[in-house]
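Source file run_33.txt; content: compact mmCIF, C-alpha atoms.
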# COMPACT_ATOMS: atom_id res chain seq x y z
CA ARG A 1 -63.83 -9.21 -148.78
CA ASN A 2 -65.11 -6.01 -147.10
CA LYS A 3 -61.98 -5.89 -144.95
CA LEU A 4 -59.80 -6.19 -148.06
CA ILE A 5 -61.70 -3.37 -149.78
CA SER A 6 -61.31 -1.21 -146.69
CA MET A 7 -57.56 -1.94 -146.55
CA CYS A 8 -57.19 -0.98 -150.23
CA ARG A 9 -58.98 2.32 -149.61
CA GLU A 10 -56.71 3.06 -146.63
CA LEU A 11 -53.66 2.28 -148.78
CA GLU A 12 -54.94 4.62 -151.52
CA VAL A 13 -55.35 7.45 -148.99
CA TYR A 14 -51.93 6.77 -147.48
CA LEU A 15 -50.15 6.75 -150.85
CA GLY A 16 -52.00 9.88 -151.98
CA MET A 17 -50.92 11.64 -148.81
CA VAL A 18 -47.29 10.52 -148.53
CA PHE A 19 -46.44 11.09 -152.19
CA HIS A 20 -48.81 14.01 -152.91
CA LYS A 21 -46.03 16.36 -154.02
CA PHE A 22 -44.91 13.89 -156.71
CA LEU A 23 -48.45 12.92 -157.73
CA SER A 24 -49.48 16.57 -158.13
CA LYS A 25 -46.27 17.41 -160.03
CA GLU A 26 -45.06 19.92 -157.42
CA VAL A 27 -41.55 18.47 -157.61
CA PRO A 28 -39.92 19.55 -160.89
CA GLU A 29 -38.90 16.64 -163.12
CA LYS A 30 -39.95 14.06 -160.53
CA TYR A 31 -43.48 13.18 -161.54
CA LEU A 32 -45.11 10.04 -160.32
CA ASP A 33 -48.26 8.09 -161.12
CA ILE A 34 -49.28 5.30 -158.78
CA TYR A 35 -51.98 2.77 -159.59
CA LEU A 36 -53.61 0.37 -157.16
CA ASN A 37 -55.79 -2.34 -158.69
CA GLY A 38 -55.88 -0.33 -161.91
CA ASN A 39 -57.09 2.83 -160.16
CA LYS A 40 -54.93 5.94 -160.33
CA ILE A 41 -54.05 7.31 -156.88
CA ASN A 42 -55.06 10.94 -156.40
CA PRO A 43 -52.87 13.32 -154.38
CA TRP A 44 -54.12 14.66 -151.05
CA ASP A 45 -52.73 18.12 -150.38
CA PRO A 46 -53.06 18.71 -146.63
CA PHE A 47 -52.61 22.47 -147.02
CA GLY A 48 -55.66 23.21 -149.16
CA LYS A 49 -53.65 25.29 -151.61
CA ASN A 50 -56.56 25.21 -154.08
CA GLU A 51 -58.99 26.65 -151.54
CA PRO A 52 -59.33 30.41 -152.15
CA LYS A 53 -59.65 31.23 -148.42
CA THR A 54 -56.59 29.25 -147.26
CA LYS A 55 -54.14 31.65 -145.62
CA VAL A 56 -50.50 31.16 -146.53
CA LEU A 57 -48.37 32.75 -143.82
CA SER A 58 -44.79 33.92 -144.26
CA PRO A 59 -42.29 31.09 -144.72
CA VAL A 60 -39.52 30.61 -142.19
CA LYS A 61 -36.02 29.32 -142.91
CA ILE A 62 -33.97 28.01 -140.04
CA LYS A 63 -30.24 27.61 -140.54
CA PHE A 64 -28.75 24.47 -139.05
CA ILE A 65 -24.99 23.93 -138.99
CA HIS A 66 -23.97 20.38 -139.86
CA ASN A 67 -20.37 19.24 -140.47
CA ALA A 68 -19.24 22.85 -140.97
CA SER A 69 -21.87 23.46 -143.64
CA ALA A 70 -25.12 25.35 -143.22
CA GLU A 71 -28.29 23.41 -143.99
CA LYS A 72 -31.73 25.02 -144.13
CA ILE A 73 -34.93 23.76 -142.63
CA PHE A 74 -37.98 25.26 -144.29
CA LEU A 75 -41.29 25.95 -142.51
CA GLN A 76 -44.39 27.03 -144.43
CA PRO A 77 -47.44 27.69 -142.22
CA TYR A 78 -51.01 27.51 -143.53
CA ILE A 79 -54.34 28.25 -141.92
CA LEU A 80 -57.22 26.47 -143.57
CA PRO A 81 -60.59 28.19 -143.92
CA SER A 82 -63.39 27.67 -141.44
CA LYS A 83 -66.12 25.25 -142.46
CA ASP A 84 -68.35 28.03 -143.83
CA GLU A 85 -65.52 29.51 -145.93
CA PHE A 86 -64.72 26.34 -147.87
CA SER A 87 -65.60 26.26 -151.56
CA SER A 88 -67.84 23.23 -150.91
CA GLN A 89 -68.81 20.77 -148.21
CA GLU A 90 -66.98 18.06 -150.18
CA ALA A 91 -63.77 20.13 -150.09
CA PHE A 92 -64.19 20.62 -146.33
CA LYS A 93 -64.71 16.91 -145.78
CA ASN A 94 -61.73 16.00 -147.99
CA LEU A 95 -59.36 18.34 -146.14
CA SER A 96 -60.37 16.91 -142.77
CA GLY A 97 -57.96 14.13 -143.73
CA PRO A 98 -57.92 10.45 -142.89
CA SER A 99 -57.90 11.09 -139.13
CA SER A 100 -60.32 14.06 -138.83
CA TRP A 101 -59.63 17.72 -138.19
CA ASN A 102 -58.18 17.66 -134.68
CA GLN A 103 -55.79 14.81 -135.47
CA GLN A 104 -54.59 16.39 -138.73
CA GLN A 105 -53.50 19.74 -137.26
CA GLY A 106 -49.84 20.55 -136.77
CA PHE A 107 -46.68 19.60 -138.61
CA TYR A 108 -46.43 17.83 -141.94
CA ILE A 109 -42.81 16.81 -142.09
CA TYR A 110 -41.11 16.10 -145.41
CA ARG A 111 -37.75 14.62 -146.25
CA SER A 112 -36.87 15.16 -149.91
CA ASN A 113 -40.53 15.96 -150.70
CA ARG A 114 -41.84 12.68 -149.22
CA MET A 115 -44.14 13.05 -146.23
CA ILE A 116 -42.89 11.34 -143.11
CA GLN A 117 -45.32 12.71 -140.53
CA SER A 118 -48.86 13.98 -141.01
CA GLY A 119 -50.14 16.13 -138.20
CA GLY A 120 -49.21 16.46 -134.56
CA TRP A 121 -47.20 19.11 -132.78
CA CYS A 122 -44.05 17.10 -131.90
CA GLY A 123 -44.51 17.93 -128.21
CA LEU A 124 -44.44 21.73 -128.79
CA ARG A 125 -48.15 22.11 -128.03
CA THR A 126 -51.19 19.89 -127.69
CA SER A 127 -53.96 19.36 -130.21
CA ASP A 128 -56.73 21.83 -129.58
CA GLU A 129 -60.06 22.71 -131.16
CA HIS A 130 -58.75 26.28 -131.60
CA THR A 131 -55.76 25.19 -133.72
CA LYS A 132 -57.43 22.47 -135.79
CA LEU A 133 -57.10 24.55 -138.99
CA ALA A 134 -53.35 25.11 -138.55
CA ARG A 135 -50.98 23.03 -140.67
CA ILE A 136 -47.27 23.60 -141.06
CA GLU A 137 -45.10 22.15 -143.78
CA LEU A 138 -41.58 21.39 -142.56
CA ASP A 139 -38.98 20.30 -145.13
CA PHE A 140 -35.44 19.12 -144.53
CA SER A 141 -32.62 17.47 -146.44
CA PRO A 142 -31.57 13.82 -146.02
CA ILE A 143 -28.23 15.19 -144.81
CA LEU A 144 -30.03 15.95 -141.53
CA ASP A 145 -31.49 12.46 -141.02
CA ASP A 146 -29.42 11.83 -137.87
CA PHE A 147 -30.52 15.09 -136.28
CA PHE A 148 -34.19 14.38 -137.00
CA LYS A 149 -33.72 10.78 -135.79
CA ILE A 150 -35.25 9.30 -138.93
CA ASN A 151 -35.87 5.58 -138.55
CA VAL A 152 -34.96 3.01 -141.22
CA ALA A 153 -38.52 2.88 -142.61
CA LYS A 154 -38.50 6.71 -142.93
CA MET A 155 -41.78 6.88 -141.02
CA ARG A 156 -40.77 8.45 -137.68
CA VAL A 157 -39.11 11.76 -136.97
CA GLN A 158 -38.20 13.93 -133.97
CA LEU A 159 -37.48 17.62 -133.99
CA PRO A 160 -33.80 18.26 -133.16
CA ILE A 161 -33.32 19.71 -129.68
CA GLN A 162 -30.97 22.33 -131.14
CA ILE A 163 -33.79 24.02 -133.09
CA ARG A 164 -36.94 23.23 -131.09
CA GLU A 165 -37.05 26.67 -129.49
CA GLU A 166 -36.58 28.40 -132.84
CA ILE A 167 -39.35 26.29 -134.39
CA GLU A 168 -41.61 27.02 -131.43
CA GLN A 169 -41.09 30.77 -131.90
CA ALA A 170 -41.72 30.45 -135.64
CA ILE A 171 -45.10 28.74 -135.17
CA LYS A 172 -46.47 31.09 -132.49
CA PRO A 173 -48.36 33.25 -135.04
CA VAL A 174 -50.09 30.14 -136.36
File written out as structure tokens:
Amino acid sequence: RNKLISMCRELEVYLGMVFHKFLSKEVPEKYLDIYLNGNKINPWDPFGKNEPKTKVLSPVKIKFIHNASAEKIFLQPYILPSKDEFSSQEAFKNLSGPSSWNQQQGFYIYRSNRMIQSGGWCGLRTSDEHTKLARIELDFSPILDDFFKINVAKMRVQLPIQIREEIEQAIKPV
């Protein structure tokens, strides 16, 4: 019974994370409510947009040519506040994420507003105590699935070799 309760909690966190843009109504005209055992799933925004001290850095658009058309990859870097700058200890704990601060740093990769990857640096750098507050939203279109090597379950992604250097330059200020 305890194991089942724990699994349900993990599923709630997972759904709130993966579909947070839909649950929080960030995607125009694509709202979503998810219930698990009669309980409404709450969104988990990894970027702490509601925290007054979260720093939103300049967005970066990377043009990627695909089948003679230009597609854009969007990067939005955030730096979360230090522990003492959070609005509350509860907010700090919540934003540590399901895997704790060091594991949650890095890229949050989205395909059509659905999170595919939460945290990690995709081999561009290693997790470090000094970058644990850095989180970068990366959005791309399904047209680029082959280049990002999206698997069938839409749960794994790789940064395309063609733009790795450009992405690495873009995240240096973070």
Residue among A:Asn151, A:Asn113, A:Gln169, A:Ser141 lying closest to Pro28 of chain A, counting only C-alpha atoms: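 Closest candidate: A:Asn113.
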Shell around segment 96-112 of chain A at 9 Å using all atoms listed in the file, local window under 5 positions removed, as a ChimeraX atom specification: /A:10,13-14,18,44,46,77,91,117-122,127-129,131-142,145,154,157
Residues near Leu124 of chain A, cut-off 9 Å, only C-alpha atoms, skip fewer than 3 positions along chain, as a PyMOL selection string: chain A and resi 121+164-165+167-168
Next, write the just-selected residues to a file, as a PDB file, keeping the file's coordinate frame, keeping C-alpha atoms as the atom set.
ATOM      1  CA  TRP A 121     -47.200  19.110-132.780  1.00  0.00           C
ATOM      2  CA  ARG A 164     -36.940  23.230-131.090  1.00  0.00           C
ATOM      3  CA  GLU A 165     -37.050  26.670-129.490  1.00  0.00           C
ATOM      4  CA  ILE A 167     -39.350  26.290-134.390  1.00  0.00           C
ATOM      5  CA  GLU A 168     -41.610  27.020-131.430  1.00  0.00           C
TER       6      GLU A 168
END
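Our summary of the geometry notes that atom CA of Lys55 of chain A is positioned 18.4 Å from atom CA of Gln89 of chain A.
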Interatomic distance, atom CA of Val174 of chain A to atom CA of Phe86 of chain A (Å, one decimal):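 Here the two named atoms are 19.0 Å from each other.
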Atom pair atom CA of Lys30 of chain A / atom CA of Tyr78 of chain A: separation (Å): 24.3 Å
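Compared by their closest atoms to Phe64 of chain A, and using all atoms listed in the file, the residues A:Tyr31, A:Lys149, A:Leu144, A:Ala170 rank with A:Leu144 nearest.
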Among the residues A:Asn94, A:Ser24, A:Ser58, A:Asn67, the one that comes closest to Pro173 of chain A [using all atoms listed in the file]: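 Result for the nearest residue to Pro173 of chain A: A:Ser58.
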Close residues, Ile62 of chain A itself excluded, 9 Å, all atoms listed in the file, min 6 positions apart in chain, as an MDAnalysis selection string: chainID A and resid 71:75 163 166:167
Selected residue of minimal separation from Lys49 of chain A among A:Thr126, A:Gln158, A:Ser87, A:Asn2, counting only C-alpha atoms: A:Ser87
Selected residue, from A:Leu4, A:Leu57, A:Met115, A:Ile79, that lies nearest to Gly16 of chain A when counting all atoms listed in the file: A:Met115
